[in-house]
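Asker: Okay, so here is model27.txt, and as you'll see once you scroll down, it has compact mmCIF, C-alpha atoms and all ligand atoms.
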# COMPACT_ATOMS: atom_id res chain seq x y z
CA MET A 1365 -13.74 19.26 4.84
CA GLU A 1366 -15.49 21.18 2.08
CA PHE A 1367 -15.16 20.60 -1.62
CA GLU A 1368 -15.34 24.07 -3.14
CA GLY A 1369 -15.17 23.13 -6.81
CA GLU A 1370 -12.27 21.74 -8.76
CA LYS A 1371 -10.83 25.00 -10.03
CA MET A 1372 -10.75 26.76 -6.66
CA THR A 1373 -9.47 23.93 -4.48
CA GLU A 1374 -5.76 23.45 -3.92
CA PRO A 1375 -4.50 19.98 -4.82
CA ILE A 1376 -3.97 17.65 -1.89
CA LEU A 1377 -1.35 15.82 -3.96
CA LYS A 1378 0.94 17.50 -6.45
CA VAL A 1379 3.52 15.49 -8.38
CA GLU A 1380 5.64 17.93 -10.34
CA SER A 1381 8.15 17.00 -13.07
CA LEU A 1382 9.18 13.98 -11.03
CA THR A 1383 12.18 12.09 -12.31
CA GLY A 1384 13.24 9.24 -10.07
CA GLY A 1385 14.01 5.59 -9.57
CA TYR A 1386 16.33 3.17 -7.89
CA SER A 1387 19.65 4.30 -9.32
CA PRO A 1388 20.58 7.90 -10.15
CA ARG A 1389 22.12 6.77 -13.42
CA ARG A 1390 19.02 4.89 -14.58
CA PRO A 1391 15.82 6.77 -13.77
CA VAL A 1392 12.60 4.77 -13.99
CA LEU A 1393 10.28 7.79 -13.94
CA HIS A 1394 10.73 10.65 -16.38
CA ASN A 1395 9.15 14.04 -15.80
CA VAL A 1396 5.93 12.71 -14.24
CA SER A 1397 3.38 15.40 -13.35
CA PHE A 1398 -0.17 15.20 -12.05
CA ASP A 1399 -2.43 16.70 -9.37
CA ILE A 1400 -5.21 15.28 -7.26
CA ARG A 1401 -7.76 17.53 -5.64
CA PRO A 1402 -10.14 16.96 -2.73
CA GLY A 1403 -13.20 15.00 -3.82
CA GLU A 1404 -11.47 13.24 -6.72
CA MET A 1405 -10.80 9.57 -7.31
CA VAL A 1406 -7.97 9.09 -9.79
CA GLY A 1407 -6.93 5.79 -11.36
CA LEU A 1408 -3.24 5.10 -11.96
CA ILE A 1409 -2.98 2.51 -14.72
CA GLY A 1410 -0.18 0.96 -16.74
CA LEU A 1411 1.37 -2.34 -17.73
CA ASN A 1412 3.62 -4.34 -15.38
CA GLY A 1413 6.78 -2.33 -14.90
CA ALA A 1414 5.26 0.95 -16.15
CA GLY A 1415 6.29 2.77 -12.97
CA LYS A 1416 3.10 2.89 -10.87
CA SER A 1417 4.60 1.47 -7.67
CA THR A 1418 7.74 3.55 -8.12
CA THR A 1419 5.56 6.67 -8.38
CA ILE A 1420 3.72 5.64 -5.23
CA LYS A 1421 7.01 5.02 -3.37
CA HIS A 1422 8.10 8.56 -4.25
CA ILE A 1423 4.78 9.95 -3.00
CA LEU A 1424 5.13 8.01 0.25
CA GLY A 1425 8.57 9.53 0.72
CA LEU A 1426 10.35 6.17 0.56
CA MET A 1427 12.49 7.30 -2.39
CA LYS A 1428 14.22 10.59 -3.13
CA PRO A 1429 13.46 12.30 -6.45
CA HIS A 1430 16.37 12.80 -8.85
CA ASP A 1431 14.58 15.87 -10.09
CA GLY A 1432 11.20 17.54 -9.52
CA GLY A 1433 9.20 16.65 -6.45
CA VAL A 1434 6.02 15.81 -4.61
CA GLN A 1435 3.86 17.99 -2.39
CA VAL A 1436 1.17 16.65 -0.09
CA ASN A 1437 -1.13 19.08 1.64
CA GLY A 1438 0.90 21.95 0.18
CA VAL A 1439 4.28 20.90 1.57
CA ALA A 1440 7.23 18.77 0.50
CA LEU A 1441 8.30 16.00 2.87
CA GLU A 1442 11.51 17.78 3.84
CA GLU A 1443 9.60 21.00 4.64
CA ASN A 1444 7.18 19.49 7.13
CA GLN A 1445 7.22 15.74 7.70
CA GLU A 1446 4.26 15.71 10.07
CA ARG A 1447 1.96 17.75 7.84
CA TYR A 1448 3.01 15.67 4.83
CA ARG A 1449 2.66 12.22 6.40
CA SER A 1450 -0.50 12.85 8.43
CA ALA A 1451 -2.42 13.81 5.28
CA PHE A 1452 -2.56 10.34 3.78
CA ALA A 1453 -3.21 6.69 4.48
CA TYR A 1454 -1.60 4.05 2.32
CA VAL A 1455 -2.95 0.61 1.49
CA PRO A 1456 -0.15 -1.48 -0.03
CA GLU A 1457 -0.63 -4.28 -2.52
CA THR A 1458 0.75 -6.79 0.00
CA PRO A 1459 -0.57 -6.47 3.56
CA VAL A 1460 1.96 -5.62 6.25
CA LEU A 1461 0.67 -6.56 9.70
CA PHE A 1462 2.01 -7.49 13.12
CA ASP A 1463 1.55 -11.27 13.43
CA GLU A 1464 1.16 -11.15 17.19
CA LEU A 1465 -1.55 -8.46 17.24
CA THR A 1466 -5.26 -9.12 16.76
CA VAL A 1467 -7.52 -7.39 14.21
CA GLU A 1468 -8.93 -5.15 16.91
CA GLU A 1469 -5.46 -4.31 18.24
CA HIS A 1470 -4.39 -3.20 14.77
CA LEU A 1471 -7.36 -0.85 14.61
CA LYS A 1472 -6.57 0.46 18.08
CA LEU A 1473 -2.96 1.15 17.10
CA THR A 1474 -4.12 3.12 14.05
CA GLY A 1475 -6.62 5.00 16.20
CA MET A 1476 -3.83 6.00 18.58
CA ALA A 1477 -1.49 7.03 15.76
CA TYR A 1478 -4.15 9.24 14.14
CA ASN A 1479 -5.74 10.51 17.37
CA VAL A 1480 -9.06 8.79 16.77
CA ASP A 1481 -10.32 7.77 20.19
CA GLY A 1482 -13.32 7.45 22.50
CA SER A 1483 -16.76 6.93 21.02
CA VAL A 1484 -15.66 8.09 17.55
CA PHE A 1485 -13.10 5.27 17.47
CA GLU A 1486 -15.64 2.73 18.77
CA ASP A 1487 -18.28 3.74 16.22
CA ARG A 1488 -15.89 3.69 13.28
CA LYS A 1489 -14.37 0.38 14.37
CA GLU A 1490 -17.71 -1.41 14.77
CA ARG A 1491 -18.99 -0.11 11.45
CA LEU A 1492 -15.85 -1.22 9.62
CA LEU A 1493 -15.80 -4.67 11.23
CA ALA A 1494 -19.43 -5.18 10.20
CA GLU A 1495 -19.04 -3.80 6.67
CA PHE A 1496 -16.02 -5.94 5.91
CA GLN A 1497 -17.52 -9.08 7.49
CA MET A 1498 -14.75 -9.17 10.09
CA THR A 1499 -16.74 -8.93 13.34
CA ALA A 1500 -16.25 -12.63 14.11
CA LYS A 1501 -12.51 -12.25 13.53
CA ARG A 1502 -11.98 -9.22 15.74
CA GLY A 1503 -9.95 -11.22 18.27
CA ALA A 1504 -7.95 -13.24 15.72
CA PHE A 1505 -4.19 -12.80 15.42
CA ALA A 1506 -3.03 -11.43 12.08
CA SER A 1507 -0.98 -14.59 11.50
CA HIS A 1508 -4.23 -16.61 11.62
CA LEU A 1509 -6.05 -14.58 8.95
CA SER A 1510 -6.53 -15.46 5.30
CA LYS A 1511 -4.82 -13.33 2.61
CA GLY A 1512 -7.99 -11.37 1.85
CA MET A 1513 -8.73 -10.86 5.54
CA LYS A 1514 -5.23 -9.38 6.01
CA GLN A 1515 -5.95 -7.03 3.11
CA LYS A 1516 -9.23 -6.06 4.78
CA VAL A 1517 -7.36 -5.13 7.99
CA MET A 1518 -5.10 -2.80 5.96
CA ILE A 1519 -8.15 -1.24 4.29
CA MET A 1520 -10.00 -0.85 7.60
CA ASN A 1521 -6.93 0.82 9.12
CA ALA A 1522 -6.87 3.36 6.29
CA LEU A 1523 -10.60 4.06 6.50
CA LEU A 1524 -10.49 4.36 10.30
CA SER A 1525 -8.18 7.36 10.14
CA GLU A 1526 -10.36 9.23 7.55
CA PRO A 1527 -7.39 11.07 5.97
CA PRO A 1528 -7.66 13.76 3.28
CA LEU A 1529 -5.78 11.48 0.84
CA TYR A 1530 -5.92 7.72 0.26
CA ILE A 1531 -3.17 5.99 -1.73
CA ILE A 1532 -4.29 2.52 -2.66
CA ASP A 1533 -2.18 0.04 -4.58
CA GLU A 1534 -4.09 -2.71 -6.44
CA PRO A 1535 -6.72 -3.20 -3.73
CA PHE A 1536 -9.00 -5.80 -5.33
CA LEU A 1537 -6.69 -8.77 -5.79
CA GLY A 1538 -7.19 -10.64 -2.53
CA LEU A 1539 -10.71 -9.43 -1.78
CA ASP A 1540 -13.90 -11.46 -2.19
CA PRO A 1541 -16.82 -9.88 -4.10
CA LEU A 1542 -18.48 -8.59 -0.93
CA GLY A 1543 -15.18 -7.06 0.20
CA ILE A 1544 -14.72 -5.35 -3.17
CA ARG A 1545 -18.23 -3.94 -3.00
CA SER A 1546 -17.75 -2.70 0.59
CA LEU A 1547 -14.47 -1.04 -0.35
CA LEU A 1548 -15.90 0.68 -3.42
CA GLU A 1549 -18.98 1.89 -1.54
CA ARG A 1550 -16.76 3.30 1.18
CA LEU A 1551 -14.44 5.01 -1.31
CA VAL A 1552 -17.41 6.69 -2.97
CA GLU A 1553 -18.56 7.86 0.46
CA VAL A 1554 -15.18 9.28 1.56
CA LYS A 1555 -14.80 10.95 -1.83
CA GLN A 1556 -18.20 12.61 -1.48
CA LYS A 1557 -17.10 13.88 1.92
CA GLY A 1558 -14.09 15.54 0.23
CA SER A 1559 -11.22 13.07 0.48
CA ALA A 1560 -9.00 12.39 -2.52
CA ILE A 1561 -8.06 8.91 -3.71
CA LEU A 1562 -5.19 7.70 -5.88
CA MET A 1563 -5.84 4.09 -6.82
CA SER A 1564 -3.55 1.90 -8.86
CA SER A 1565 -5.24 -1.10 -10.50
CA HIS A 1566 -5.21 -3.37 -13.52
CA ILE A 1567 -9.00 -3.89 -13.33
CA LEU A 1568 -9.81 -1.29 -15.96
CA ALA A 1569 -13.59 -1.74 -15.95
CA THR A 1570 -13.73 -0.95 -12.22
CA VAL A 1571 -11.27 1.92 -12.59
CA GLU A 1572 -13.39 3.39 -15.39
CA ALA A 1573 -16.62 2.96 -13.45
CA TYR A 1574 -15.38 4.61 -10.25
CA CYS A 1575 -12.59 7.05 -11.09
CA ASP A 1576 -13.11 10.64 -12.20
CA ARG A 1577 -9.77 10.84 -13.97
CA PHE A 1578 -7.06 8.48 -15.15
CA ILE A 1579 -3.27 8.62 -15.38
CA VAL A 1580 -1.92 6.23 -17.99
CA MET A 1581 1.74 5.41 -17.35
CA HIS A 1582 3.96 3.74 -19.90
CA HIS A 1583 7.72 3.15 -19.65
CA GLY A 1584 7.96 5.63 -16.77
CA VAL A 1585 6.20 8.54 -18.46
CA VAL A 1586 2.61 9.76 -18.33
CA ALA A 1587 1.28 8.68 -21.72
CA ALA A 1588 -2.08 10.39 -21.16
CA GLN A 1589 -4.17 11.80 -18.35
CA GLY A 1590 -7.59 13.28 -17.85
CA ASN A 1591 -11.20 12.16 -17.79
CA LEU A 1592 -12.47 9.42 -20.10
CA GLU A 1593 -13.09 11.86 -22.92
CA GLU A 1594 -9.58 13.33 -22.67
CA VAL A 1595 -7.83 9.97 -22.45
CA CYS A 1596 -9.81 8.63 -25.43
CA ALA A 1597 -8.98 11.80 -27.38
CA ALA A 1598 -5.26 11.37 -26.57
CA ALA A 1599 -5.43 7.76 -27.73
CA GLY A 1600 -7.49 8.58 -30.81
CA THR A 1601 -10.21 6.13 -29.77
CA GLU A 1602 -13.95 6.45 -29.57
CA MET A 1603 -15.31 7.90 -26.33
CA ARG A 1604 -17.93 5.46 -25.03
CA SER A 1605 -18.76 3.53 -21.90
CA GLY A 1606 -16.12 0.80 -21.58
CA GLY A 1607 -13.80 2.89 -23.75
CA LEU A 1608 -10.94 3.10 -21.23
CA GLU A 1609 -9.68 -0.35 -22.20
CA ASP A 1610 -9.52 0.54 -25.94
CA ALA A 1611 -7.75 3.81 -25.18
CA PHE A 1612 -5.34 2.06 -22.83
CA TYR A 1613 -4.55 -0.61 -25.40
CA LYS A 1614 -3.79 1.99 -28.06
CA LEU A 1615 -1.66 4.08 -25.75
CA VAL A 1616 0.50 1.20 -24.54
CA THR A 1617 0.86 -0.70 -27.79
CA GLY A 1618 1.23 2.38 -29.97
CA ASP A 1619 -1.34 0.80 -32.27
CA ARG A 1620 -3.37 3.78 -33.43
CA SER A 1621 -4.76 2.14 -36.59
N1 LIG A 1701 13.60 -2.45 -6.11
C1 LIG A 1701 13.87 -2.19 -7.40
N2 LIG A 1701 15.16 -2.02 -7.82
C2 LIG A 1701 15.44 -1.73 -9.11
N3 LIG A 1701 14.50 -1.59 -10.08
C3 LIG A 1701 13.21 -1.76 -9.72
C4 LIG A 1701 12.84 -2.07 -8.36
N4 LIG A 1701 11.48 -2.16 -8.32
C5 LIG A 1701 11.05 -1.93 -9.58
N5 LIG A 1701 12.07 -1.69 -10.41
C6 LIG A 1701 11.99 -1.39 -11.86
O1 LIG A 1701 11.29 -0.17 -12.02
C7 LIG A 1701 10.44 -0.24 -13.17
C8 LIG A 1701 9.02 0.15 -12.75
O2 LIG A 1701 8.54 -0.82 -11.83
P1 LIG A 1701 7.24 -0.59 -10.94
O3 LIG A 1701 7.31 -1.58 -9.82
O4 LIG A 1701 7.12 0.85 -10.61
O5 LIG A 1701 6.10 -1.00 -11.98
P2 LIG A 1701 4.52 -1.10 -11.79
O6 LIG A 1701 3.91 -0.20 -12.81
O7 LIG A 1701 4.14 -0.87 -10.38
O8 LIG A 1701 4.26 -2.61 -12.23
P3 LIG A 1701 3.23 -3.75 -11.72
O9 LIG A 1701 1.94 -3.51 -12.45
O10 LIG A 1701 3.90 -5.00 -12.17
O11 LIG A 1701 3.11 -3.65 -10.23
C9 LIG A 1701 10.56 -1.66 -13.73
O12 LIG A 1701 11.45 -1.60 -14.81
C10 LIG A 1701 11.17 -2.44 -12.59
O13 LIG A 1701 12.00 -3.47 -13.06
Could you take the file, read its structure, and then write that structure out as structure tokens?
Answerer:
Amino acid sequence: MEFEGEKMTEPILKVESLTGGYSPRRPVLHNVSFDIRPGEMVGLIGLNGAGKSTTIKHILGLMKPHDGGVQVNGVALEENQERYRSAFAYVPETPVLFDELTVEEHLKLTGMAYNVDGSVFEDRKERLLAEFQMTAKRGAFASHLSKGMKQKVMIMNALLSEPPLYIIDEPFLGLDPLGIRSLLERLVEVKQKGSAILMSSHILATVEAYCDRFIVMHHGVVAAQGNLEEVCAAAGTEMRSGGLEDAFYKLVTGDRS
């Protein structure tokens, strides 16, 4: 995959005037729009209940928009399910694994689903097991893993398939410091190879350090979006290293004094 420059590259994810939620009479999201292009890491941030997970559920195709829509890889879900779904891997906030399968069997299943096999599968699998300190646990059943280890299996599954788009919901919570570092190093690597990443997190310092752009959600609307300079300008705060937290605070409290 080649990254041809931001302006020329088509977005891999396009959320366009999305209004949606759990009940048609009470939308949670109002007119949400943003794009993510190959080679970008974008941070989705907002207070509890701002609408981040609901946005992600719409992108995953688990909820139907009331208005507007989502395109992945240039198509809407109803236009071409296979093209839409095969373009991304999703890492949920809470791991979802098969209790009776081992770590290695989970990776194998993902490999089969995404047509990663033979020596490519073996190489990727061994590298991931080593990087995430899971080699000794390769034969362990999911039900026997710790919370963070389960999260690592979800992350390894996503990385194994090397998709054009990663959707990652609050990935750092269960991970130990080595796991966080391995994940961030890997995300930088896949981004440099041209993948796009949408990452939702409350850890603003990490989001600021690693993401190219930010989407600040508040009460179901996009309160601001752009790079650090643009988000600080929208908030009326000083653009400086560590400035995302100030800008965020102003945007979500309305305190622009
Ligand atoms: N299953 C559901 N049914 C009805 N309303 C829901 C459901 N899940 C979430 N909501 C509501 O939708 C709104 C947005 O919630 P959402 O889960 O998208 O927030 P979030 O930004 O992901 O928050 P958090 O940081 O706590 O994960 C909230 O008002 C919440 O109460």
Asker: Using only C-alpha atoms and all ligand atoms, what table do you get, as JSON lines, when you list each residue of chain A with an atom no more than 12 Å from ligand LIG 1701 (chain A), its nearest pair of atoms, and their distance in Å rounded to one decimal, rows by chain then rising number?
Answerer:
{"residue": "A:Gly1384", "atom": "CA", "partner": "A:LIG1701", "partner_atom": "O1", "distance": 9.8}
{"residue": "A:Gly1385", "atom": "CA", "partner": "A:LIG1701", "partner_atom": "O1", "distance": 6.8}
{"residue": "A:Tyr1386", "atom": "CA", "partner": "A:LIG1701", "partner_atom": "C2", "distance": 5.1}
{"residue": "A:Ser1387", "atom": "CA", "partner": "A:LIG1701", "partner_atom": "C2", "distance": 7.4}
{"residue": "A:Pro1388", "atom": "CA", "partner": "A:LIG1701", "partner_atom": "C2", "distance": 11.0}
{"residue": "A:Arg1389", "atom": "CA", "partner": "A:LIG1701", "partner_atom": "C2", "distance": 11.6}
{"residue": "A:Arg1390", "atom": "CA", "partner": "A:LIG1701", "partner_atom": "N3", "distance": 9.1}
{"residue": "A:Pro1391", "atom": "CA", "partner": "A:LIG1701", "partner_atom": "O1", "distance": 8.5}
{"residue": "A:Val1392", "atom": "CA", "partner": "A:LIG1701", "partner_atom": "O1", "distance": 5.5}
{"residue": "A:Leu1393", "atom": "CA", "partner": "A:LIG1701", "partner_atom": "C8", "distance": 7.8}
{"residue": "A:His1394", "atom": "CA", "partner": "A:LIG1701", "partner_atom": "C8", "distance": 11.2}
{"residue": "A:Leu1408", "atom": "CA", "partner": "A:LIG1701", "partner_atom": "O6", "distance": 8.9}
{"residue": "A:Ile1409", "atom": "CA", "partner": "A:LIG1701", "partner_atom": "O6", "distance": 7.6}
{"residue": "A:Gly1410", "atom": "CA", "partner": "A:LIG1701", "partner_atom": "O6", "distance": 5.8}
{"residue": "A:Leu1411", "atom": "CA", "partner": "A:LIG1701", "partner_atom": "O9", "distance": 5.4}
{"residue": "A:Asn1412", "atom": "CA", "partner": "A:LIG1701", "partner_atom": "O10", "distance": 3.3}
{"residue": "A:Gly1413", "atom": "CA", "partner": "A:LIG1701", "partner_atom": "O5", "distance": 3.3}
{"residue": "A:Ala1414", "atom": "CA", "partner": "A:LIG1701", "partner_atom": "O6", "distance": 3.8}
{"residue": "A:Gly1415", "atom": "CA", "partner": "A:LIG1701", "partner_atom": "O4", "distance": 3.2}
{"residue": "A:Lys1416", "atom": "CA", "partner": "A:LIG1701", "partner_atom": "O6", "distance": 3.7}
{"residue": "A:Ser1417", "atom": "CA", "partner": "A:LIG1701", "partner_atom": "O7", "distance": 3.6}
{"residue": "A:Thr1418", "atom": "CA", "partner": "A:LIG1701", "partner_atom": "O4", "distance": 3.7}
{"residue": "A:Thr1419", "atom": "CA", "partner": "A:LIG1701", "partner_atom": "O4", "distance": 6.4}
{"residue": "A:Ile1420", "atom": "CA", "partner": "A:LIG1701", "partner_atom": "O4", "distance": 8.0}
{"residue": "A:Lys1421", "atom": "CA", "partner": "A:LIG1701", "partner_atom": "O4", "distance": 8.4}
{"residue": "A:His1422", "atom": "CA", "partner": "A:LIG1701", "partner_atom": "O4", "distance": 10.0}
{"residue": "A:Leu1426", "atom": "CA", "partner": "A:LIG1701", "partner_atom": "N1", "distance": 11.4}
{"residue": "A:Met1427", "atom": "CA", "partner": "A:LIG1701", "partner_atom": "N1", "distance": 10.5}
{"residue": "A:Pro1456", "atom": "CA", "partner": "A:LIG1701", "partner_atom": "O11", "distance": 10.9}
{"residue": "A:Glu1457", "atom": "CA", "partner": "A:LIG1701", "partner_atom": "O11", "distance": 8.6}
{"residue": "A:Thr1458", "atom": "CA", "partner": "A:LIG1701", "partner_atom": "O11", "distance": 11.0}
{"residue": "A:Ile1532", "atom": "CA", "partner": "A:LIG1701", "partner_atom": "O7", "distance": 11.9}
{"residue": "A:Asp1533", "atom": "CA", "partner": "A:LIG1701", "partner_atom": "O11", "distance": 8.6}
{"residue": "A:Glu1534", "atom": "CA", "partner": "A:LIG1701", "partner_atom": "O11", "distance": 8.2}
{"residue": "A:Pro1535", "atom": "CA", "partner": "A:LIG1701", "partner_atom": "O11", "distance": 11.8}
{"residue": "A:Leu1537", "atom": "CA", "partner": "A:LIG1701", "partner_atom": "O11", "distance": 11.9}
{"residue": "A:Met1563", "atom": "CA", "partner": "A:LIG1701", "partner_atom": "O7", "distance": 11.7}
{"residue": "A:Ser1564", "atom": "CA", "partner": "A:LIG1701", "partner_atom": "O7", "distance": 8.3}
{"residue": "A:Ser1565", "atom": "CA", "partner": "A:LIG1701", "partner_atom": "O9", "distance": 7.8}
{"residue": "A:His1566", "atom": "CA", "partner": "A:LIG1701", "partner_atom": "O9", "distance": 7.2}
{"residue": "A:Ile1567", "atom": "CA", "partner": "A:LIG1701", "partner_atom": "O9", "distance": 11.0}
{"residue": "A:Ile1579", "atom": "CA", "partner": "A:LIG1701", "partner_atom": "O6", "distance": 11.7}
{"residue": "A:Val1580", "atom": "CA", "partner": "A:LIG1701", "partner_atom": "O6", "distance": 10.1}
{"residue": "A:Met1581", "atom": "CA", "partner": "A:LIG1701", "partner_atom": "O6", "distance": 7.5}
{"residue": "A:His1582", "atom": "CA", "partner": "A:LIG1701", "partner_atom": "O6", "distance": 8.1}
{"residue": "A:His1583", "atom": "CA", "partner": "A:LIG1701", "partner_atom": "C8", "distance": 7.6}
{"residue": "A:Gly1584", "atom": "CA", "partner": "A:LIG1701", "partner_atom": "C8", "distance": 6.9}
{"residue": "A:Val1585", "atom": "CA", "partner": "A:LIG1701", "partner_atom": "C8", "distance": 10.5}
{"residue": "A:Val1586", "atom": "CA", "partner": "A:LIG1701", "partner_atom": "O6", "distance": 11.5}
Asker: Have a look at A:Cys1575, A:Met1513, A:Ala1477, A:Cys1596 and name the one nearest to Ala1560 of chain A; count only C-alpha atoms.
Answerer: A:Cys1575
Asker: How close does each residue of segment 1407-1466 of chain A get to segment 1521-1531 of chain A, giving the shortest atom pair and distance in Å to one decimal for every residue with an atom at most 10 Å away, counting only C-alpha atoms, sorted by chain and residue number, as a Markdown table?
Answerer:
| residue | atom | partner | partner_atom | distance |
| --- | --- | --- | --- | --- |
| A:Ile1420 | CA | A:Ile1531 | CA | 7.7 |
| A:Ile1423 | CA | A:Ile1531 | CA | 9.0 |
| A:Leu1424 | CA | A:Ile1531 | CA | 8.8 |
| A:Val1436 | CA | A:Leu1529 | CA | 8.7 |
| A:Asn1437 | CA | A:Pro1528 | CA | 8.6 |
| A:Ser1450 | CA | A:Pro1527 | CA | 7.5 |
| A:Ala1451 | CA | A:Pro1528 | CA | 5.6 |
| A:Phe1452 | CA | A:Leu1529 | CA | 4.5 |
| A:Ala1453 | CA | A:Tyr1530 | CA | 5.1 |
| A:Tyr1454 | CA | A:Ile1531 | CA | 4.8 |
| A:Val1455 | CA | A:Ile1531 | CA | 6.3 |
| A:Pro1456 | CA | A:Ile1531 | CA | 8.2 |
Asker: How many Å lie between atom CA of Phe1612 of chain A and atom CA of Leu1548 of chain A, rounded to one decimal?
Answerer: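 It comes out at 22.1 Å.
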Asker: Which value, in Å to one decimal, gives the distance between atom CA of Val1571 of chain A and atom CA of Glu1553 of chain A?
Answerer: 16.1 Å
Asker: Please indicate the distance in Å from atom CA of Leu1547 of chain A to atom CA of Asp1576 of chain A, rounded to one decimal place.
Answerer: 16.7 Å
Asker: Give the answer as one residue: which of A:Ala1587, A:Leu1615, A:Val1484, A:Leu1562 has the shortest atom-to-atom distance to Asn1395 of chain A, using all atoms listed in the file?
Answerer: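 Closest residue, counting all atoms listed in the file: A:Ala1587.
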Asker: Could you check which of A:Ile1544, A:Ala1597, A:Ile1376, A:Val1554 is closest to Thr1570 of chain A, using all atoms listed in the file?
Answerer: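 Answer, going by the shortest atom-to-atom distance: A:Ile1544.
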Asker: Pick the closest to Leu1461 of chain A from A:Glu1443, A:Leu1492, A:Asp1487, A:Gln1515: which is it, counting only C-alpha atoms?
Answerer: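 The shortest atom-to-atom distance to Leu1461 of chain A comes from A:Gln1515.
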Asker: Which residues are near Val1517 of chain A? Cut-off 8 Å, all atoms listed in the file, ignore same chain within fewer than 6 positions. Put them as a list in words.
Answerer: Val1467, His1470 and Leu1471 of chain A
Asker: From the set A:Leu1568, A:Leu1509, A:Ile1561, A:Ala1494, which residue has the shortest atom-to-atom contact distance to Leu1542 of chain A, counting all atoms listed in the file?
Answerer: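 Looking at the shortest contact to Leu1542 of chain A, the residue is A:Ala1494.
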Asker: For Gly1607 of chain A, work out the shell of residues within 9 Å, counting only C-alpha atoms and skipping chain neighbours fewer than 4 positions away, then give it as a VMD selection string.
Answerer: chain A and resid 1572 1592 1596 1601 to 1603 1611 to 1612
Asker: Go ahead and write the residues just picked, C-alpha atoms, as a PDB file, in the coordinates of the input.
Answerer:
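The resulting file, selection.pdb, is reproduced below:
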ATOM      1  CA  GLU A1572     -13.390   3.390 -15.390  1.00  0.00           C
ATOM      2  CA  LEU A1592     -12.470   9.420 -20.100  1.00  0.00           C
ATOM      3  CA  CYS A1596      -9.810   8.630 -25.430  1.00  0.00           C
ATOM      4  CA  THR A1601     -10.210   6.130 -29.770  1.00  0.00           C
ATOM      5  CA  GLU A1602     -13.950   6.450 -29.570  1.00  0.00           C
ATOM      6  CA  MET A1603     -15.310   7.900 -26.330  1.00  0.00           C
ATOM      7  CA  ALA A1611      -7.750   3.810 -25.180  1.00  0.00           C
ATOM      8  CA  PHE A1612      -5.340   2.060 -22.830  1.00  0.00           C
TER       9      PHE A1612
END
Asker: Could you give me segment 1559-1570 of chain A completed to N, CA and C atoms, formatted as a JSON list (two decimals), keeping the file's coordinate frame?
Answerer:
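Contents of out_28.json, freshly written:
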[["chain", "number", "residue", "atom", "x", "y", "z"],
["A", 1559, "SER", "N", -12.56, 13.66, 0.54],
["A", 1559, "SER", "CA", -11.22, 13.07, 0.48],
["A", 1559, "SER", "C", -10.82, 12.83, -0.98],
["A", 1560, "ALA", "N", -9.52, 12.70, -1.19],
["A", 1560, "ALA", "CA", -9.00, 12.39, -2.52],
["A", 1560, "ALA", "C", -8.45, 10.96, -2.50],
["A", 1561, "ILE", "N", -8.51, 10.31, -3.65],
["A", 1561, "ILE", "CA", -8.06, 8.91, -3.71],
["A", 1561, "ILE", "C", -7.20, 8.71, -4.96],
["A", 1562, "LEU", "N", -6.01, 8.16, -4.75],
["A", 1562, "LEU", "CA", -5.19, 7.70, -5.88],
["A", 1562, "LEU", "C", -5.18, 6.18, -5.80],
["A", 1563, "MET", "N", -5.71, 5.54, -6.86],
["A", 1563, "MET", "CA", -5.84, 4.09, -6.82],
["A", 1563, "MET", "C", -5.16, 3.47, -8.04],
["A", 1564, "SER", "N", -4.21, 2.59, -7.76],
["A", 1564, "SER", "CA", -3.55, 1.90, -8.86],
["A", 1564, "SER", "C", -4.22, 0.54, -9.04],
["A", 1565, "SER", "N", -4.59, 0.20, -10.28],
["A", 1565, "SER", "CA", -5.24, -1.10, -10.50],
["A", 1565, "SER", "C", -5.15, -1.51, -11.96],
["A", 1566, "HIS", "N", -5.16, -2.83, -12.16],
["A", 1566, "HIS", "CA", -5.21, -3.37, -13.52],
["A", 1566, "HIS", "C", -6.65, -3.68, -13.93],
["A", 1567, "ILE", "N", -7.60, -3.54, -13.01],
["A", 1567, "ILE", "CA", -9.00, -3.89, -13.33],
["A", 1567, "ILE", "C", -9.65, -2.66, -13.97],
["A", 1568, "LEU", "N", -9.47, -2.55, -15.28],
["A", 1568, "LEU", "CA", -9.81, -1.29, -15.96],
["A", 1568, "LEU", "C", -11.30, -0.98, -15.92],
["A", 1569, "ALA", "N", -12.14, -2.01, -15.96],
["A", 1569, "ALA", "CA", -13.59, -1.74, -15.95],
["A", 1569, "ALA", "C", -13.99, -1.07, -14.64],
["A", 1570, "THR", "N", -13.41, -1.55, -13.53],
["A", 1570, "THR", "CA", -13.73, -0.95, -12.22],
["A", 1570, "THR", "C", -13.14, 0.45, -12.13]]
